[in-house]
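S.K.: If you scroll down you'll find the structure; I have some questions about it.
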Amino acid sequence: MGATTTPTPDEFETEVRTFFDGVPALLDRCDGSRTDRARAYRAALFDAGLAGIGYPLKYGGRGLGEEYQAVFRQVATPLQPPEESTFGIGVGMALPTILEYGSDELKARLLPSGLRGEEIWCQLYSEPGAGSDLAGLTCKAERDGDEWIITGQKLWTSGAQHADLGILIARTDPDAPKHAGITMFVLPMNQPSVEVRPLVQMTGVAEFNEVFMDEARCPADWIVGEVNHGWRLATALLAHERTSLGKGQMTKHTERSKAGRFPIPFEGLLDRADWAGRRDHPVIRQQLAQAYIGEKIIPWLAARQQHPSLGKLWRTIQGRLAADTAHELGGGVAIAWEEDDTEADYFAYHVLNCRGMSLGGGTDEVQKNTLGERVLGLPREPGPDKNTPFRDLLRN
Ligand SMILES: Cc1cc2nc3c(=O)[nH]c(=O)nc-3n(C[C@H](O)[C@H](O)[C@H](O)COP(=O)(O)OP(=O)(O)OC[C@H]3O[C@@H](n4cnc5c(N)ncnc54)[C@H](O)[C@@H]3O)c2cc1C
């Protein structure tokens with residue numbers, strides 16, 4: 001673990017930079033799979049005392065305030081290896097929710113190992129009939145002695161094929177109104193009654209999955225917060241998701257982003273325009289200028305810490321603009337490219353994958369509804385009576 005005395009912010013910045021100077025060599029030494037490299041990186045980050053800057057020391061964090069977290073974000077964001085995305089759901093969403101709402105036992109069990117990358121997480125929220133209308137979920141959990149028995153289907157579960165644990169929301173009281181009978185669980189994924197079926201996307205990669213649970217088991221005390229009070233936690237986790245998506249981290253433009261959910265950086269578009277010999281074309285110049293402006297706005301929105309939906313929405317708009325520009329510049333190569341042409345592969349991957357940015361973490365329309373209702377104070381969408389038991393509601 002790192003230093004025991006509190007460094008000054010300048011000393012801390014040097015410490016973070018020194019750590020990241022060593023990361024390329026660390027990854028070179030690891031000749032295993034992408035997941036092995038991801039775990040090696042995260043373990044080194046943890047051992048250096050940099051895995052959870054704001055987390056308490058007893059959970060493996062550093063116990064430092066927002067000033068230090070901002071220093072870490074600023075230095076680390078451009079230097080983090082793409083493998084870090086393996087922990088996006090755990091470190092970015094599940095662990096902060098458990099830190100805020102979990103029992104002391106759950107925190108002691110899950111936070112240190114999660115920060116160290118020993119467990120990979122997935123998010124078991126969406127269902128075939130419950131995406132935007134998430135509170136309409138029907139996956140059910142029933143208490144049986146010292147376990148919960150969980151039965152239902154989840155959909156679009158990113159990374160479930162690699163996950164050790166899932167942050168799951170399930171219905172625990174169908175007689176309660178729609179939002180009132182939901183509980184948040186931590187589900188061990190490696191059990192026979194959890195079946196993960198990968199879904200291959202048009203990129204050719206299976207990033208997400210269907211997950212079938214047929215009487216899957218979860219220890220009785222692996223619930224986050226209280227039974228039937230999970231909806232507030234579910235939305236708190238979504239806020240963490242939208243905040244981290246809204247930061248719109250830029251990958252280096254020559255890297256094929258397996259996560260594929262970040263806008264192509266302006267610098268990459270400029271190179272592509274040079275490659276196509278079209279940097280001076282008036283329409284392309286206009287698009288490049290828009291892409292430049294949009295890219296500048298992303299960190300400014302994040303710095304102003306406005307509503308998470310705003311950053312998320314802007315990021316998806318930028319993602320589509322950048323991908324459409326790359327598509328136009330790519331010509332035939334945008335849809336038919338040589339396998340060993342890594343740059344064409346990178347751009348084509350983004351063009352195909354960027355539409356998903358507008359869906360994952362809540363669609364653009366849902367972000368606009370949220371902003372309209374919660375920020376602008378517009379009237380709420382009409383919905384069912386808030387007191388009607390869930391089992392009496394009309395469903396998809
Ligand atoms: C890349 C990617 C990764 C994902 N990863 C995960 C994951 O790890 N875990 C997980 O649980 N889920 C995940 N999802 C699922 C994602 O959260 C859902 O796709 C999303 O919430 C939309 O739900 P849906 O697909 O059921 O669409 P629907 O909710 O059926 O929406 C269909 C269309 O109707 C519109 N619409 C719906 N309701 C309204 C409304 N009230 N007002 C206006 N328009 C509306 C939507 O905007 C959309 O255009 C992922 C999705 C993608 C694309």
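In the structure tokens, chains take letters A, B, ... by order of appearance, with residues numbered from 1 within each chain and ligands from 1 in the order shown.
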What does the list of residues within 7 Å of ligand 1 look like if you count only C-alpha atoms and all ligand atoms, written as a ChimeraX atom specification?

M.R.: /A:122-133,154-159,208,356-357,359-366,369

S.K.: From a DSSP pass on the backbone, collect the residues of segment 64-209 of chain A flagged as helix (DSSP H, G or I) and hand them back as a ChimeraX atom specification.

M.R.: /A:66-76,82-101,104-115,134-136,160-162

S.K.: Which neighbours of segment 81-89 of chain A fall inside 9 Å, counting only C-alpha atoms, when residues of the same chain fewer than 6 positions from it are skipped, and could you give them as a PyMOL selection string?

M.R.: chain A and resi 23-24+27+34-35+37-39+41-42+95+114-115+117+119-123+158-159+162+167+241+244+251+255+257-259

S.K.: Just the number, please: distance in Å from atom CA of Arg242 of chain A to atom CA of Ile297 of chain A, one decimal.

M.R.: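 Value for the atom CA of Arg242 of chain A-atom CA of Ile297 of chain A distance: 16.2 Å.
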
S.K.: Based on DSSP run over this structure's backbone, return all residues of segment 188-317 of chain A in strand (DSSP E), as number ranges by chain.

M.R.: A: 188, 194-199, 208-219, 223-224

S.K.: Keeping only C-alpha atoms, take the residues you just selected and write them out as a CSV table (one decimal), in the first residue's frame.

M.R.:
```csv
chain,number,residue,atom,x,y,z
A,188,PRO,CA,-22.5,-15.0,-7.9
A,194,VAL,CA,-27.0,-19.1,-14.3
A,195,GLU,CA,-26.7,-19.5,-18.0
A,196,VAL,CA,-25.0,-16.8,-20.1
A,197,ARG,CA,-25.6,-16.8,-23.9
A,198,PRO,CA,-23.5,-14.3,-25.8
A,199,LEU,CA,-25.2,-12.1,-28.5
A,208,PHE,CA,-23.2,-8.4,-24.3
A,209,ASN,CA,-25.4,-11.4,-23.5
A,210,GLU,CA,-28.7,-12.9,-22.5
A,211,VAL,CA,-28.6,-14.2,-18.9
A,212,PHE,CA,-31.0,-16.9,-17.8
A,213,MET,CA,-31.5,-17.6,-14.1
A,214,ASP,CA,-33.4,-20.7,-13.1
A,215,GLU,CA,-33.5,-20.8,-9.4
A,216,ALA,CA,-30.1,-19.2,-9.0
A,217,ARG,CA,-28.9,-18.8,-5.5
A,218,CYS,CA,-27.7,-15.8,-3.6
A,219,PRO,CA,-26.7,-15.6,0.1
A,223,ILE,CA,-28.6,-7.7,-0.7
A,224,VAL,CA,-27.6,-4.0,-1.0
```

S.K.: Quick one, how far is atom CA of Asp324 of chain A from atom CA of Leu301 of chain A?

M.R.: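 Those two atoms sit 22.6 Å apart.
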
S.K.: Would you kindly return, as number ranges by chain, each protein, DNA or RNA residue with an atom no farther than 12 Å from any atom of Ile169 of chain A, considering only C-alpha atoms and excluding same-chain residues fewer than 3 positions away?

M.R.: A: 94, 122-127, 130, 134-141, 150-154, 166, 172, 179, 181-187, 223-225, 227-235, 237

S.K.: From the list A:Tyr292, A:Phe19, A:Phe390, A:Tyr68, which residue is nearest Ala180 of chain A when using only C-alpha atoms?

M.R.: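 Nearest to Ala180 of chain A: A:Phe390.
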